[in-house]
Protein chains: 2
Amino acid sequence: MLTREAGLAADVRVNDVRLWDSLMEMAKIGPGVAGGNNRQALTDADGEARALFRRWCEEAGMQVTVDQMGDIFACRPGTDSDAEAVCVGSHLDTQPAGGRFDGILGVLGGLEVVRTLNDHGVTSRRPIVVANWTNEEGSRFPPVMMASGVFAGVHSLEWAYARKDEQGKSFAEELERIGWKGAEPVGSRKFKAYVELHIEQGPVLEAEGIDIGVVTGGQGLTWLRVSLQGTSAHAGTTPMWRRKDAGLGAARIMDLVHQVAMSHQPHAVGTAGRVELCPNSTNSVPGSAEVAIDIRSPNASVLAEMEASIRGGAEAIVAKLGLGCEIARPQHAAPILFDAGCVATVREAAASLGYSRRDIVSSAGHDAYWLSRVTPAAMIMCPCVDGISHNEAEEISSVWAAAGANVLLHTVAKLASAADHHN
Amino acid sequence: MLTREAGLAADVRVNDVRLWDSLMEMAKIGPGVAGGNNRQALTDADGEARALFRRWCEEAGMQVTVDQMGDIFACRPGTDSDAEAVCVGSHLDTQPAGGRFDGILGVLGGLEVVRTLNDHGVTSRRPIVVANWTNEEGSRFPPVMMASGVFAGVHSLEWAYARKDEQGKSFAEELERIGWKGAEPVGSRKFKAYVELHIEQGPVLEAEGIDIGVVTGGQGLTWLRVSLQGTSAHAGTTPMWRRKDAGLGAARIMDLVHQVAMSHQPHAVGTAGRVELCPNSTNSVPGSAEVAIDIRSPNASVLAEMEASIRGGAEAIVAKLGLGCEIARPQHAAPILFDAGCVATVREAAASLGYSRRDIVSSAGHDAYWLSRVTPAAMIMCPCVDGISHNEAEEISSVWAAAGANVLLHTVAKLASAADHHN
């Protein structure tokens, strides 16, 4: 028996073959066109994936509940019926051209934790809940991390229900159509802790040959949209001195974003990923331009400094070129700091299992971000090949998956045996 | 009588009201949506414009001939039946959202020259031909300056006939349909000289308060298409050191084009008017990019130097960023140098009439470019408001139009009285 005192025996490991087989079985649902998946939220394929997950959970002796957002909670009871549960999970939905692991590893890794505890006849004081959060990807129904956002009180249920896909179908009607609109009020259950296993979606762990990323938090993110106004003109007949070239302004601002990110290494990133010129014609001086900028840092003050540098630099650039300039900030998310206790538990679990490990900051969004607002949270990352994600070519090895699941297992075992402070 | 010795009396001027009324009357055919014209080549409107022009020419006592490309030649006989004609003209077709003067001024300015000579009972030794060249704009049937190109032997008649519009209709069938496929073999007639009056389509003359641009030639033009290959990656999870950012490469090459043009002032221009990033998404490092570049100079060696600087600079940029790079050259046209004698005649005519004037290099393409391959040629430019052209907002004043036509009148009178060297 797993107890607060003893914890799980150090030599217990997940069944790596069973975990991998489950991942591959799930990947058959909603196949993509290039070996990955197209299993967007609230499609028939999403419904089919949920049904398979429910069957597996029930076969593992868990009780499955669905809330009003379609979030699935599969519960393995604990020995203390009053204790708050430890929740693990992630999401089963994918990008339109998504991979087989982004999200899925966290859900099926959680299931594997329960199966492993079952294999060894180990009970825990606290219940263990494996969650599937609805519509993490947001590609069909923006925004991302939608249901975990409702769970954490970031969005209202009504607002989420009214979101529409490109065909005009609402989230609520599609959730109902696939048969996964549950009765439980969203956010009504409280957890002792939330732990999410996820692939890195970046290249760092693989490049450094590290097994486990101990995620200390999430990068803060700011999006800026710079709109430049110049004068469209004939590229042949307009002398250089007379131009107000919005394209040139855009180019210099794109380079500026790079310079600003480079001056805040090693942790910051800055990207000018989208540019639109108008009229965007070879023989026209661009009359207007828009540049979309994405800057991220784990440090709130660095992020603010970067934004200020870009605003100031852009002002100097447009002043020199005689351009009009407006800068909007369509997105901003402060850096996330995970719960120090949960993070320490992850770090200790990885160490006790002998895995190489490093602290890492997540750069992509995760359900754990929103969950961290309402419960102590942490994340575990495993490497992925070439850092490729949101791409059907997304790949991991079964060894990496098993390592992540083992750390999840021992983290959860520790957390599920821990006392409530008020108990 | 206008003779080789005397030339036209210095005080003779065109009828500025009649010229302006003709321009406004012609502008009623194929109206645009914003005060300009949509009178693309070989449309019904083009046919109607041609019919009006033919009627006016016949009313002015001219004999109208049409060649196999639909080029119209309205001839006012000279006193010497053996002498080669002096040709003036331009085009009546417009851009889809074109102005009322681009091309039209050259044709109706030529007609006004003949009408003025008629008013004063002046004859010339040489015939004077007013030409309307088919499909100068090339917007419906690319390329631009098509019929003058066939006239000059640049394109074959068969090739031109086979060009198709977006609906799949061929040039030949549309020319036949509007009833303007003539019998005269294209390029069969020889001219003593060709003079084209045109609006500047640039801002220089208006900005400097100059009446007349004496066009010494046309800028050479090179288009480069730079294709950059990097690696598309997540904007959040990909550290700066690991990126191969094709968008950053594109931005630096756009700035390079500007720097190269600025180092060859005052005459050169350089424009990066079109850029395409892929996937062009705010939170993706661009994996590939394409930049379209337009460089122009009146000096062939400067143009070559600019191209070399851009190629060399781009190579250094992509090497630093680890990008693949291919550079294509989809267009190249050597600078045009008009006939020194014809240009001098234009300059002297402007001076004798007391107009402010400056030598200018044309930056847009004109039928005179191709004509200069087979006959001594020159151009006269008048200002246009804000340099705006290929736009329904294109505007000139009747005073500017009359000044241009007066210089055309006195240039033609001089050329039409001049001896053939072989006579």
# chains A, B, ... in the order shown; residues from 1 in each chain; ligands from 1

call {"tool": "residues_around", "arguments": {"residues": "Val257 in chain B", "least_positions_apart": "2", "cutoff": "9 Å", "atoms": "only C-alpha atoms", "output": "PyMOL selection string"}}
result
chain B and resi 252-255+259-262+270-272+293-295+306+309-310

call {"tool": "write_last_selection", "arguments": {"atoms": "N, CA and C atoms", "output": "compact mmCIF listing (two decimals), in the first residue's frame"}}
result
# COMPACT_ATOMS: atom_id res chain seq x y z
N ARG B 252 16.33 41.64 -44.20
CA ARG B 252 17.66 42.24 -44.43
C ARG B 252 17.92 42.48 -45.91
N ILE B 253 17.40 41.61 -46.75
CA ILE B 253 17.58 41.80 -48.19
C ILE B 253 16.75 42.99 -48.68
N MET B 254 15.57 43.18 -48.08
CA MET B 254 14.76 44.35 -48.44
C MET B 254 15.50 45.64 -48.10
N ASP B 255 16.13 45.66 -46.93
CA ASP B 255 16.90 46.84 -46.54
C ASP B 255 18.12 47.01 -47.45
N GLN B 259 19.63 50.23 -49.57
CA GLN B 259 21.00 50.75 -49.42
C GLN B 259 21.71 50.82 -50.78
N VAL B 260 21.53 49.78 -51.57
CA VAL B 260 22.19 49.74 -52.88
C VAL B 260 21.67 50.87 -53.76
N ALA B 261 20.36 51.09 -53.76
CA ALA B 261 19.81 52.18 -54.57
C ALA B 261 20.33 53.53 -54.09
N MET B 262 20.40 53.69 -52.75
CA MET B 262 20.85 54.97 -52.19
C MET B 262 22.32 55.25 -52.53
N GLY B 270 15.53 51.53 -56.37
CA GLY B 270 15.50 50.12 -55.99
C GLY B 270 14.33 49.89 -55.05
N THR B 271 13.56 48.87 -55.33
CA THR B 271 12.33 48.62 -54.59
C THR B 271 12.18 47.14 -54.27
N ALA B 272 11.87 46.83 -53.03
CA ALA B 272 11.43 45.48 -52.68
C ALA B 272 9.94 45.61 -52.40
N ILE B 293 12.30 42.02 -56.26
CA ILE B 293 13.11 43.24 -56.29
C ILE B 293 13.05 43.87 -57.68
N ASP B 294 12.94 45.19 -57.70
CA ASP B 294 12.88 45.96 -58.94
C ASP B 294 13.97 47.02 -58.84
N ILE B 295 14.98 46.95 -59.70
CA ILE B 295 16.01 47.99 -59.71
C ILE B 295 16.06 48.62 -61.10
N MET B 306 24.51 47.44 -59.53
CA MET B 306 23.48 47.28 -58.49
C MET B 306 23.08 45.82 -58.34
N SER B 309 25.78 44.02 -56.53
CA SER B 309 25.81 44.36 -55.10
C SER B 309 24.71 43.64 -54.34
N ILE B 310 23.54 43.55 -54.97
CA ILE B 310 22.43 42.86 -54.29
C ILE B 310 22.71 41.36 -54.20

call {"tool": "select_by_dssp", "arguments": {"residues": "range 181-310 of chain B", "states": "strand (DSSP E or B)", "output": "PyMOL selection string"}}
result
chain B and resi 184+191-199+212-218+220-229+233-234+269-278+284-285+288-297

call {"tool": "write_last_selection", "arguments": {"atoms": "C-alpha atoms", "output": "PDB file, in the first residue's frame"}}
result
ATOM      1  CA  GLU B 184      -1.412  46.059 -93.568  1.00  0.00           C
ATOM      2  CA  PHE B 191       9.229  56.432 -90.428  1.00  0.00           C
ATOM      3  CA  LYS B 192      11.690  59.289 -90.515  1.00  0.00           C
ATOM      4  CA  ALA B 193      11.153  59.790 -86.790  1.00  0.00           C
ATOM      5  CA  TYR B 194       8.774  58.912 -83.969  1.00  0.00           C
ATOM      6  CA  VAL B 195       7.815  61.370 -81.220  1.00  0.00           C
ATOM      7  CA  GLU B 196       5.569  60.469 -78.296  1.00  0.00           C
ATOM      8  CA  LEU B 197       3.998  62.936 -75.905  1.00  0.00           C
ATOM      9  CA  HIS B 198       3.186  61.389 -72.524  1.00  0.00           C
ATOM     10  CA  ILE B 199       2.438  62.364 -68.945  1.00  0.00           C
ATOM     11  CA  ILE B 212       8.415  70.079 -70.157  1.00  0.00           C
ATOM     12  CA  GLY B 213      10.489  66.948 -69.670  1.00  0.00           C
ATOM     13  CA  VAL B 214      12.871  66.354 -72.556  1.00  0.00           C
ATOM     14  CA  VAL B 215      13.116  62.569 -72.429  1.00  0.00           C
ATOM     15  CA  THR B 216      16.638  61.417 -73.217  1.00  0.00           C
ATOM     16  CA  GLY B 217      15.865  57.728 -72.806  1.00  0.00           C
ATOM     17  CA  GLY B 218      14.378  55.072 -70.626  1.00  0.00           C
ATOM     18  CA  GLY B 220      17.044  50.000 -67.700  1.00  0.00           C
ATOM     19  CA  LEU B 221      15.214  47.574 -65.458  1.00  0.00           C
ATOM     20  CA  THR B 222      16.103  44.344 -63.717  1.00  0.00           C
ATOM     21  CA  TRP B 223      13.758  42.251 -61.629  1.00  0.00           C
ATOM     22  CA  LEU B 224      15.210  39.777 -59.173  1.00  0.00           C
ATOM     23  CA  ARG B 225      13.249  37.153 -57.304  1.00  0.00           C
ATOM     24  CA  VAL B 226      15.058  35.963 -54.180  1.00  0.00           C
ATOM     25  CA  SER B 227      13.851  32.660 -52.712  1.00  0.00           C
ATOM     26  CA  LEU B 228      15.071  31.916 -49.199  1.00  0.00           C
ATOM     27  CA  GLN B 229      14.952  28.542 -47.511  1.00  0.00           C
ATOM     28  CA  ALA B 233       9.658  26.463 -36.311  1.00  0.00           C
ATOM     29  CA  HIS B 234       7.603  27.299 -33.242  1.00  0.00           C
ATOM     30  CA  VAL B 269      15.845  53.385 -57.855  1.00  0.00           C
ATOM     31  CA  GLY B 270      15.497  50.118 -55.991  1.00  0.00           C
ATOM     32  CA  THR B 271      12.327  48.621 -54.588  1.00  0.00           C
ATOM     33  CA  ALA B 272      11.433  45.482 -52.677  1.00  0.00           C
ATOM     34  CA  GLY B 273       7.736  45.729 -53.362  1.00  0.00           C
ATOM     35  CA  ARG B 274       6.613  42.193 -52.714  1.00  0.00           C
ATOM     36  CA  VAL B 275       7.424  39.724 -49.961  1.00  0.00           C
ATOM     37  CA  GLU B 276       5.844  36.389 -49.139  1.00  0.00           C
ATOM     38  CA  LEU B 277       6.620  34.523 -45.941  1.00  0.00           C
ATOM     39  CA  CYS B 278       5.644  30.937 -45.337  1.00  0.00           C
ATOM     40  CA  SER B 284       5.911  30.629 -36.478  1.00  0.00           C
ATOM     41  CA  VAL B 285       9.502  31.321 -37.450  1.00  0.00           C
ATOM     42  CA  SER B 288      10.749  30.151 -46.421  1.00  0.00           C
ATOM     43  CA  ALA B 289      10.431  33.576 -47.963  1.00  0.00           C
ATOM     44  CA  GLU B 290      10.388  35.223 -51.342  1.00  0.00           C
ATOM     45  CA  VAL B 291      11.338  38.824 -52.053  1.00  0.00           C
ATOM     46  CA  ALA B 292      10.678  40.486 -55.408  1.00  0.00           C
ATOM     47  CA  ILE B 293      13.111  43.238 -56.294  1.00  0.00           C
ATOM     48  CA  ASP B 294      12.882  45.959 -58.942  1.00  0.00           C
ATOM     49  CA  ILE B 295      16.015  47.995 -59.711  1.00  0.00           C
ATOM     50  CA  ARG B 296      16.328  50.639 -62.417  1.00  0.00           C
ATOM     51  CA  SER B 297      18.985  52.946 -63.749  1.00  0.00           C
TER      52      SER B 297
END

call {"tool": "closest_residue", "arguments": {"among": "A:Thr345, A:Gln201, A:Ser398, A:Asn406", "to": "chain B", "atoms": "only C-alpha atoms"}}
result
A:Gln201

call {"tool": "residues_around", "arguments": {"residues": "Asn132 in chain A", "least_positions_apart": "3", "cutoff": "9 Å", "atoms": "only C-alpha atoms", "output": "MDAnalysis selection string"}}
result
chainID A and resid 50 53 70:74 88:92 103:104 106:107

call {"tool": "closest_residue", "arguments": {"among": "A:Thr375, A:Thr116, A:Ser232, A:Ser397", "to": "Glu84 in chain A", "atoms": "only C-alpha atoms"}}
result
A:Thr375

call {"tool": "residues_around", "arguments": {"residues": "range 174-176 of chain B", "least_positions_apart": "6", "cutoff": "10 Å", "atoms": "only C-alpha atoms", "output": "VMD selection string"}}
result
chain B and resid 41 to 44 47 68 to 70 134 161 164 to 165 182

call {"tool": "closest_residue", "arguments": {"among": "A:Ala300, A:Ala393, A:Leu337, A:Ala235", "to": "chain B", "atoms": "only C-alpha atoms"}}
result
A:Ala235

call {"tool": "residues_around", "arguments": {"residues": "Glu394 in chain A", "least_positions_apart": "4", "cutoff": "9 Å", "atoms": "only C-alpha atoms", "output": "number ranges by chain"}}
result
A: 36, 98-102, 201, 384-390

call {"tool": "write_last_selection", "arguments": {"atoms": "N, CA and C atoms", "output": "short mmCIF file (atom, residue, chain, number, x, y, z; two decimals), in the first residue's frame"}}
result
data_model
loop_
_atom_site.label_atom_id
_atom_site.label_comp_id
_atom_site.auth_asym_id
_atom_site.auth_seq_id
_atom_site.Cartn_x
_atom_site.Cartn_y
_atom_site.Cartn_z
N GLY A 36 0.45 11.78 -39.13
CA GLY A 36 0.07 12.39 -37.87
C GLY A 36 -1.44 12.32 -37.68
N GLY A 98 -1.68 17.85 -37.05
CA GLY A 98 -1.02 17.72 -35.76
C GLY A 98 -0.28 16.41 -35.60
N GLY A 99 0.38 16.29 -34.46
CA GLY A 99 1.15 15.09 -34.17
C GLY A 99 0.37 14.11 -33.31
N ARG A 100 1.01 13.00 -33.01
CA ARG A 100 0.35 11.94 -32.26
C ARG A 100 0.57 12.04 -30.75
N PHE A 101 1.38 13.04 -30.33
CA PHE A 101 1.81 13.06 -28.93
C PHE A 101 1.46 14.33 -28.17
N ASP A 102 1.36 15.44 -28.89
CA ASP A 102 1.06 16.73 -28.28
C ASP A 102 -0.30 16.65 -27.60
N GLN A 201 8.04 20.16 -27.42
CA GLN A 201 7.67 21.00 -28.57
C GLN A 201 8.78 22.00 -28.88
N CYS A 384 11.37 15.83 -27.88
CA CYS A 384 10.75 15.40 -29.14
C CYS A 384 11.77 15.64 -30.25
N VAL A 385 11.63 14.89 -31.33
CA VAL A 385 12.65 14.91 -32.39
C VAL A 385 12.69 16.27 -33.09
N ASP A 386 13.87 16.87 -33.11
CA ASP A 386 14.11 18.15 -33.82
C ASP A 386 13.21 19.28 -33.34
N GLY A 387 12.59 19.08 -32.20
CA GLY A 387 11.72 20.15 -31.69
C GLY A 387 10.45 20.36 -32.50
N ILE A 388 10.16 19.43 -33.40
CA ILE A 388 9.02 19.61 -34.31
C ILE A 388 7.71 19.27 -33.62
N SER A 389 6.76 20.17 -33.71
CA SER A 389 5.42 19.96 -33.15
C SER A 389 4.42 20.75 -33.98
N HIS A 390 3.14 20.57 -33.70
CA HIS A 390 2.09 21.18 -34.55
C HIS A 390 2.39 20.82 -35.99
#

call {"tool": "closest_residue", "arguments": {"among": "A:Asp245, A:Glu395, A:Asp359, A:Asp82", "to": "chain B", "atoms": "only C-alpha atoms"}}
result
A:Asp245

call {"tool": "atom_distance", "arguments": {"atom1": "CA of Met145 in chain A", "atom2": "CA of Arg55 in chain A"}}
result
24.5 Å
